[in-house]
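One structure is given below, encoded as structure tokens.
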Amino acid sequence: MTRLRRSQAPKLFGTAGIRGSVRDKVTERLALDLARALSTTLANEGQVLVASDCRTTSAELRATLLGGLLGGGINALDAGLLPTPVLAFGIRAVGAEAGIMVTASHNPPQDNGMKCYSYEGREYTPDEEEILERLIGEGQFTDAPWDRMGTLQKAPNIIDAYVDRLVDGMQTFQRRLKVVVDCANGMTYNVTPLILSQMGCEVISLNAQPDGRFPGRLGEPSPANLVTTCEFVRNVKADLGIAHDGDGDRLAVIDEKGRYVNNDTVLAFFARLLLEENGPGRIVTTADTSSRIDKVVSSAGGTLERTRLGKTHVLLTQEDRANIRLCCEPWKIIDPAWGFWGDAIYAACKVVQALDRSKAAASALFRGIPDYPQERFFFRCPDELKDAAMMKVSQAMTGERGVRDISTLDGVRVNFKDDSWTLIRKSGTEPKIRVYCEGPSPKRLRQLVSKSSALVKKAIRTAQSKA
């Protein structure tokens, strides 16, 4: 046992794995330590599947992870470049004990990150991440002796297995739908368009040249980043538009008129769809989602539970997870009937399948789902000031008037008696404090945005002055 004591265990894992600058946080040393820590938790035996996205620094980190696993006695399977959901699928397909994905998802190209997955393809829970974080912080790793080193092998063709499984699970479409797929210069370039084509769609691909600099657009499939894509969908008279982020775990939907479909509306659509398909059950979502989901789930005979952002998968470890029909957060869909991982490729196929069966236009899929005005925005805040700023925010928000209830599950969410709400929380992946507002009317929304903006700015200034 090598013991390398360090003064304090670093905070490595955020909302979704480890993310940050490749020279300041997500370094080769950290990749090596993560591999050694994971090897230690696996008792220095078994297989681990490793893949990466196409960021310019991903190959470097993937190679380091593979080396660290070998030194820990683990048989390492190098899957090369894959979308994140395909890596998660592949862990079960090859029978590995765990998996590591090198990706920073939608973060800027100068960032990178790493996510760990269980043998079921489920992202590690906070408790599992805490064990790895403690081992890394204290330098407590068990390395393999020279005659028990792991072996390095190239993983089998996981993409083909994934495509075959997904196509086999869905019937060929009856209509020849025209679908635009924006791959964000990321890892879905050879997966989503291929699957939809095999299922009978006419596919037009955008940003389908993998490039770790992401020249086509910024990675997050937000309305601001998809203005050109929306215009393209409208101009080519497509039936539907689909957009991903760089690693393929995020989904955005554009209707036949080139209109971006609100994220929460997409989540409500999936909740209704899966409750109809599978019967009454639990829908798990996050603290930052709209009350429109509550209303849709209630009407469809389901029950809604909220948890922390990035942690909906945690409930899939419970014994009664069979009753969970959907785990979701903005852009991310987990259908436990398909797998325990966020899968925007699968989700895209489900939307197109529903469109094919509806015999109607894409906009009709979302009828009956309330549309409340909302805004999501953020303020820059250094990581070391987040807690102090949030303390000021919490003190101020607990004194609001007309409050129905307050949740501190993830940041501070205030639900007002007029069905409006505000959530303020620190980002777990970037130096930001995020603000979410929703109101029953545009006027009420403007009030919430103005008040919360002033509150957060003041809290950050106060934290800076006392730093």
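A note on labels: chains of the structure tokens are A, B, ... as shown, every chain counts residues from 1, and ligands are counted from 1 in their shown order.
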(request) Would you return as a VMD selection string the members of segment 148-263 of chain A that DSSP assigns to strand (DSSP E) on this structure's backbone? (result) chain A and resid 152 to 154 178 to 182 202 to 206 240 to 244 251 to 254
Restricting the output to C-alpha atoms, write the selected residues as a CSV table (one decimal), in the first residue's frame.
```
chain,number,residue,atom,x,y,z
A,152,LEU,CA,-4.5,-3.9,-22.4
A,153,GLN,CA,-7.0,-4.9,-25.1
A,154,LYS,CA,-9.0,-3.1,-27.8
A,178,LYS,CA,-37.2,14.4,-42.8
A,179,VAL,CA,-35.1,14.9,-39.7
A,180,VAL,CA,-32.2,17.4,-39.2
A,181,VAL,CA,-29.6,16.1,-36.7
A,182,ASP,CA,-27.0,18.7,-35.3
A,202,GLU,CA,-34.4,11.1,-44.5
A,203,VAL,CA,-31.6,12.5,-42.4
A,204,ILE,CA,-29.7,15.8,-42.9
A,205,SER,CA,-26.7,16.0,-40.7
A,206,LEU,CA,-25.2,19.3,-39.4
A,240,LEU,CA,-38.2,17.6,-36.9
A,241,GLY,CA,-34.8,18.9,-35.7
A,242,ILE,CA,-32.6,17.1,-33.2
A,243,ALA,CA,-29.5,18.6,-31.5
A,244,HIS,CA,-26.9,17.0,-29.3
A,251,LEU,CA,-31.0,16.3,-26.4
A,252,ALA,CA,-32.7,19.4,-27.8
A,253,VAL,CA,-35.8,19.3,-30.0
A,254,ILE,CA,-36.9,21.7,-32.8
```
Produce a table with one row for each residue of segment 29-59 of chain A that has an atom at most 8 Å from any atom of segment 107-129 of chain A, each row naming the nearest atom pair and its distance in Å at one decimal; use only C-alpha atoms; arrange rows by chain and rising residue number; format as a tab-separated table.
```
residue	atom	partner	partner_atom	distance
A:Arg55	CA	A:Pro109	CA	6.6
A:Thr56	CA	A:Pro109	CA	7.9
A:Thr57	CA	A:Asn112	CA	7.3
A:Ser58	CA	A:Asn112	CA	7.2
```
Just N, CA and C atoms for this one: save the residues we selected as a CSV table (one decimal), in the first residue's frame.
```csv
chain,number,residue,atom,x,y,z
A,55,ARG,N,-12.3,15.7,-27.9
A,55,ARG,CA,-11.6,16.9,-27.5
A,55,ARG,C,-10.1,16.7,-27.7
A,56,THR,N,-9.4,17.8,-28.0
A,56,THR,CA,-8.0,17.7,-28.3
A,56,THR,C,-7.1,17.1,-27.2
A,57,THR,N,-7.6,17.1,-26.0
A,57,THR,CA,-6.9,16.6,-24.8
A,57,THR,C,-7.4,15.2,-24.4
A,58,SER,N,-8.4,14.7,-25.0
A,58,SER,CA,-9.0,13.5,-24.6
A,58,SER,C,-8.1,12.2,-24.7
```
(request) Rounded to one decimal place, report the atom CA of Gln198 of chain A-atom CA of Asp264 of chain A distance in Å. (result)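 Straight-line distance from atom CA of Gln198 of chain A to atom CA of Asp264 of chain A works out to 29.1 Å.
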(request) Could you give me the residues within segment 3-147 of chain A that DSSP places in helix (DSSP H, G or I), as a PyMOL selection string? (result) chain A and resi 28-41+58-71+84-94+126-138+146-147
Write a file of the just-selected residues containing N, CA and C atoms, as a compact mmCIF listing (two decimals), in the first residue's frame.
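Final output, again21.txt:
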```txt
# COMPACT_ATOMS: atom_id res chain seq x y z
N GLU A 28 -3.05 15.13 -16.24
CA GLU A 28 -2.62 13.74 -16.37
C GLU A 28 -2.44 13.10 -14.99
N ARG A 29 -1.93 13.85 -14.05
CA ARG A 29 -1.73 13.32 -12.69
C ARG A 29 -3.06 12.91 -12.08
N LEU A 30 -4.07 13.74 -12.28
CA LEU A 30 -5.39 13.41 -11.74
C LEU A 30 -5.95 12.16 -12.43
N ALA A 31 -5.76 12.05 -13.73
CA ALA A 31 -6.24 10.87 -14.45
C ALA A 31 -5.56 9.61 -13.92
N LEU A 32 -4.26 9.70 -13.67
CA LEU A 32 -3.52 8.56 -13.14
C LEU A 32 -4.04 8.20 -11.74
N ASP A 33 -4.24 9.20 -10.91
CA ASP A 33 -4.73 8.95 -9.55
C ASP A 33 -6.14 8.36 -9.57
N LEU A 34 -6.99 8.85 -10.47
CA LEU A 34 -8.35 8.31 -10.57
C LEU A 34 -8.31 6.84 -10.96
N ALA A 35 -7.47 6.50 -11.92
CA ALA A 35 -7.36 5.10 -12.34
C ALA A 35 -6.84 4.23 -11.21
N ARG A 36 -5.88 4.72 -10.45
CA ARG A 36 -5.33 3.94 -9.34
C ARG A 36 -6.37 3.80 -8.22
N ALA A 37 -7.14 4.86 -7.97
CA ALA A 37 -8.19 4.78 -6.95
C ALA A 37 -9.27 3.80 -7.35
N LEU A 38 -9.70 3.85 -8.61
CA LEU A 38 -10.73 2.92 -9.08
C LEU A 38 -10.22 1.49 -9.00
N SER A 39 -8.97 1.28 -9.39
CA SER A 39 -8.39 -0.06 -9.29
C SER A 39 -8.40 -0.57 -7.86
N THR A 40 -8.12 0.31 -6.92
CA THR A 40 -8.11 -0.06 -5.51
C THR A 40 -9.50 -0.48 -5.05
N THR A 41 -10.54 0.26 -5.45
CA THR A 41 -11.90 -0.10 -5.04
C THR A 41 -12.36 -1.41 -5.66
N SER A 58 -8.40 14.71 -25.04
CA SER A 58 -9.01 13.47 -24.55
C SER A 58 -8.13 12.25 -24.73
N ALA A 59 -7.41 12.17 -25.84
CA ALA A 59 -6.55 11.01 -26.07
C ALA A 59 -5.45 10.92 -25.03
N GLU A 60 -4.90 12.06 -24.65
CA GLU A 60 -3.86 12.12 -23.62
C GLU A 60 -4.39 11.58 -22.29
N LEU A 61 -5.57 12.03 -21.90
CA LEU A 61 -6.14 11.59 -20.63
C LEU A 61 -6.55 10.12 -20.68
N ARG A 62 -7.09 9.69 -21.82
CA ARG A 62 -7.49 8.28 -21.96
C ARG A 62 -6.28 7.36 -21.83
N ALA A 63 -5.18 7.73 -22.48
CA ALA A 63 -3.97 6.92 -22.40
C ALA A 63 -3.46 6.82 -20.96
N THR A 64 -3.53 7.92 -20.23
CA THR A 64 -3.08 7.92 -18.84
C THR A 64 -3.97 7.03 -17.97
N LEU A 65 -5.28 7.12 -18.18
CA LEU A 65 -6.20 6.26 -17.44
C LEU A 65 -5.91 4.79 -17.70
N LEU A 66 -5.70 4.45 -18.95
CA LEU A 66 -5.42 3.05 -19.30
C LEU A 66 -4.16 2.57 -18.60
N GLY A 67 -3.12 3.41 -18.59
CA GLY A 67 -1.88 3.03 -17.92
C GLY A 67 -2.06 2.85 -16.43
N GLY A 68 -2.83 3.76 -15.80
CA GLY A 68 -3.07 3.64 -14.37
C GLY A 68 -3.85 2.39 -14.00
N LEU A 69 -4.80 2.02 -14.84
CA LEU A 69 -5.58 0.80 -14.60
C LEU A 69 -4.70 -0.44 -14.70
N LEU A 70 -3.83 -0.45 -15.70
CA LEU A 70 -2.93 -1.61 -15.87
C LEU A 70 -2.03 -1.76 -14.65
N GLY A 71 -1.50 -0.64 -14.16
CA GLY A 71 -0.65 -0.69 -12.97
C GLY A 71 -1.41 -1.12 -11.73
N THR A 84 -20.93 9.24 -24.91
CA THR A 84 -21.07 8.79 -23.52
C THR A 84 -22.11 7.69 -23.34
N PRO A 85 -23.32 7.80 -23.90
CA PRO A 85 -24.30 6.72 -23.70
C PRO A 85 -23.86 5.39 -24.30
N VAL A 86 -23.06 5.42 -25.35
CA VAL A 86 -22.57 4.17 -25.93
C VAL A 86 -21.53 3.53 -25.03
N LEU A 87 -20.70 4.34 -24.38
CA LEU A 87 -19.77 3.81 -23.38
C LEU A 87 -20.53 3.13 -22.26
N ALA A 88 -21.58 3.79 -21.75
CA ALA A 88 -22.36 3.21 -20.66
C ALA A 88 -23.02 1.91 -21.09
N PHE A 89 -23.59 1.88 -22.28
CA PHE A 89 -24.17 0.65 -22.84
C PHE A 89 -23.10 -0.43 -22.96
N GLY A 90 -21.92 -0.06 -23.38
CA GLY A 90 -20.85 -1.02 -23.62
C GLY A 90 -20.36 -1.73 -22.38
N ILE A 91 -20.45 -1.07 -21.22
CA ILE A 91 -20.00 -1.69 -19.98
C ILE A 91 -20.77 -2.98 -19.74
N ARG A 92 -22.09 -2.91 -19.90
CA ARG A 92 -22.90 -4.12 -19.72
C ARG A 92 -22.67 -5.10 -20.86
N ALA A 93 -22.48 -4.58 -22.07
CA ALA A 93 -22.34 -5.45 -23.23
C ALA A 93 -21.09 -6.33 -23.15
N VAL A 94 -20.00 -5.78 -22.60
CA VAL A 94 -18.75 -6.55 -22.52
C VAL A 94 -18.57 -7.22 -21.16
N PRO A 126 -22.90 9.89 -5.54
CA PRO A 126 -22.01 10.72 -4.71
C PRO A 126 -21.24 9.90 -3.67
N ASP A 127 -21.87 8.88 -3.09
CA ASP A 127 -21.16 8.04 -2.12
C ASP A 127 -19.99 7.30 -2.77
N GLU A 128 -20.22 6.78 -3.96
CA GLU A 128 -19.14 6.08 -4.66
C GLU A 128 -18.04 7.05 -5.07
N GLU A 129 -18.42 8.24 -5.49
CA GLU A 129 -17.43 9.25 -5.86
C GLU A 129 -16.63 9.70 -4.64
N GLU A 130 -17.29 9.77 -3.50
CA GLU A 130 -16.61 10.20 -2.28
C GLU A 130 -15.48 9.24 -1.90
N ILE A 131 -15.71 7.96 -2.12
CA ILE A 131 -14.66 6.97 -1.83
C ILE A 131 -13.45 7.22 -2.72
N LEU A 132 -13.69 7.44 -4.01
CA LEU A 132 -12.59 7.72 -4.93
C LEU A 132 -11.89 9.02 -4.54
N GLU A 133 -12.65 10.02 -4.19
CA GLU A 133 -12.08 11.32 -3.83
C GLU A 133 -11.20 11.21 -2.58
N ARG A 134 -11.65 10.40 -1.61
CA ARG A 134 -10.84 10.23 -0.40
C ARG A 134 -9.53 9.51 -0.70
N LEU A 135 -9.61 8.48 -1.51
CA LEU A 135 -8.39 7.75 -1.88
C LEU A 135 -7.40 8.64 -2.60
N ILE A 136 -7.92 9.47 -3.50
CA ILE A 136 -7.05 10.37 -4.25
C ILE A 136 -6.45 11.42 -3.32
N GLY A 137 -7.28 11.97 -2.46
CA GLY A 137 -6.80 13.01 -1.55
C GLY A 137 -5.73 12.53 -0.60
N GLU A 138 -5.84 11.28 -0.16
CA GLU A 138 -4.88 10.73 0.79
C GLU A 138 -3.78 9.93 0.11
N TRP A 146 4.52 -6.68 -10.18
CA TRP A 146 4.90 -6.73 -11.60
C TRP A 146 4.31 -7.93 -12.34
N ASP A 147 4.10 -9.04 -11.61
CA ASP A 147 3.60 -10.25 -12.28
C ASP A 147 2.07 -10.34 -12.26
```
(request) List the neighbours of Arg380 of chain A out to 9 Å using only C-alpha atoms; skip same-chain residues closer than 5 positions along the sequence, and give me the result as a ChimeraX atom specification. (result) /A:430-434,460
(request) Excluding segment 397-414 of chain A and any residue of its chain fewer than 3 positions from it, enumerate the residues within 6 Å of it, using only C-alpha atoms, and give them as a list in words. (result) Arg308, Ser394, Lys417, Trp421, Thr422, Leu423, Ile424 and Arg425 of chain A
(request) Could you tell me how far atom CA of Val296 of chain A lies from atom CA of Gln174 of chain A, in Å and to one decimal? (result) 28.1 Å
(message) Taking only C-alpha atoms into account, name the residue in A:Ile195, A:Val352, A:Leu448, A:Ala463 that is nearest to Gln374 of chain A.
(response)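 Closest to Gln374 of chain A, using only C-alpha atoms: A:Leu448.
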(request) With a distance cut-off of 12 Å and only C-alpha atoms, select the neighbouring residues of Gly279 of chain A, excluding the residue or stretch itself and same-chain residues fewer than 5 positions from it, and output the selection as a PyMOL selection string. (result) chain A and resi 271-274+297+300-303+322-326
Please provide the set of residues having any atom within 9 Å of Cys349 of chain A, restricted to only C-alpha atoms, with same-chain residues fewer than 3 positions apart removed, written as a PDB file with N, CA and C atoms, in the first residue's frame.
```pdb
ATOM      1  N   LEU A 166     -30.566  -0.940 -30.580  1.00  0.00           N
ATOM      2  CA  LEU A 166     -31.560   0.118 -30.600  1.00  0.00           C
ATOM      3  C   LEU A 166     -32.507  -0.017 -31.791  1.00  0.00           C
ATOM      4  N   MET A 170     -36.919  -0.985 -31.889  1.00  0.00           N
ATOM      5  CA  MET A 170     -37.941  -0.076 -32.413  1.00  0.00           C
ATOM      6  C   MET A 170     -38.359  -0.532 -33.809  1.00  0.00           C
ATOM      7  N   THR A 192     -26.401   8.720 -34.231  1.00  0.00           N
ATOM      8  CA  THR A 192     -27.791   9.171 -34.379  1.00  0.00           C
ATOM      9  C   THR A 192     -28.235   9.230 -35.840  1.00  0.00           C
ATOM     10  N   ILE A 195     -28.692   5.555 -37.147  1.00  0.00           N
ATOM     11  CA  ILE A 195     -29.857   4.843 -36.605  1.00  0.00           C
ATOM     12  C   ILE A 195     -31.146   5.347 -37.240  1.00  0.00           C
ATOM     13  N   LEU A 196     -31.305   6.660 -37.305  1.00  0.00           N
ATOM     14  CA  LEU A 196     -32.528   7.215 -37.877  1.00  0.00           C
ATOM     15  C   LEU A 196     -32.656   6.869 -39.361  1.00  0.00           C
ATOM     16  N   ALA A 344     -29.164  10.533 -25.008  1.00  0.00           N
ATOM     17  CA  ALA A 344     -29.852  11.430 -25.937  1.00  0.00           C
ATOM     18  C   ALA A 344     -30.034  10.807 -27.307  1.00  0.00           C
ATOM     19  N   ILE A 345     -29.260   9.797 -27.632  1.00  0.00           N
ATOM     20  CA  ILE A 345     -29.437   9.101 -28.913  1.00  0.00           C
ATOM     21  C   ILE A 345     -30.731   8.297 -28.865  1.00  0.00           C
ATOM     22  N   TYR A 346     -30.881   7.502 -27.818  1.00  0.00           N
ATOM     23  CA  TYR A 346     -32.114   6.745 -27.610  1.00  0.00           C
ATOM     24  C   TYR A 346     -33.308   7.689 -27.526  1.00  0.00           C
ATOM     25  N   VAL A 352     -38.747  10.650 -32.469  1.00  0.00           N
ATOM     26  CA  VAL A 352     -39.088  10.405 -33.878  1.00  0.00           C
ATOM     27  C   VAL A 352     -40.116   9.282 -33.986  1.00  0.00           C
ATOM     28  N   GLN A 353     -39.984   8.257 -33.152  1.00  0.00           N
ATOM     29  CA  GLN A 353     -40.958   7.168 -33.153  1.00  0.00           C
ATOM     30  C   GLN A 353     -42.358   7.693 -32.793  1.00  0.00           C
ATOM     31  N   ALA A 354     -42.427   8.550 -31.774  1.00  0.00           N
ATOM     32  CA  ALA A 354     -43.711   9.126 -31.374  1.00  0.00           C
ATOM     33  C   ALA A 354     -44.286   9.994 -32.493  1.00  0.00           C
TER      34      ALA A 354
END
```
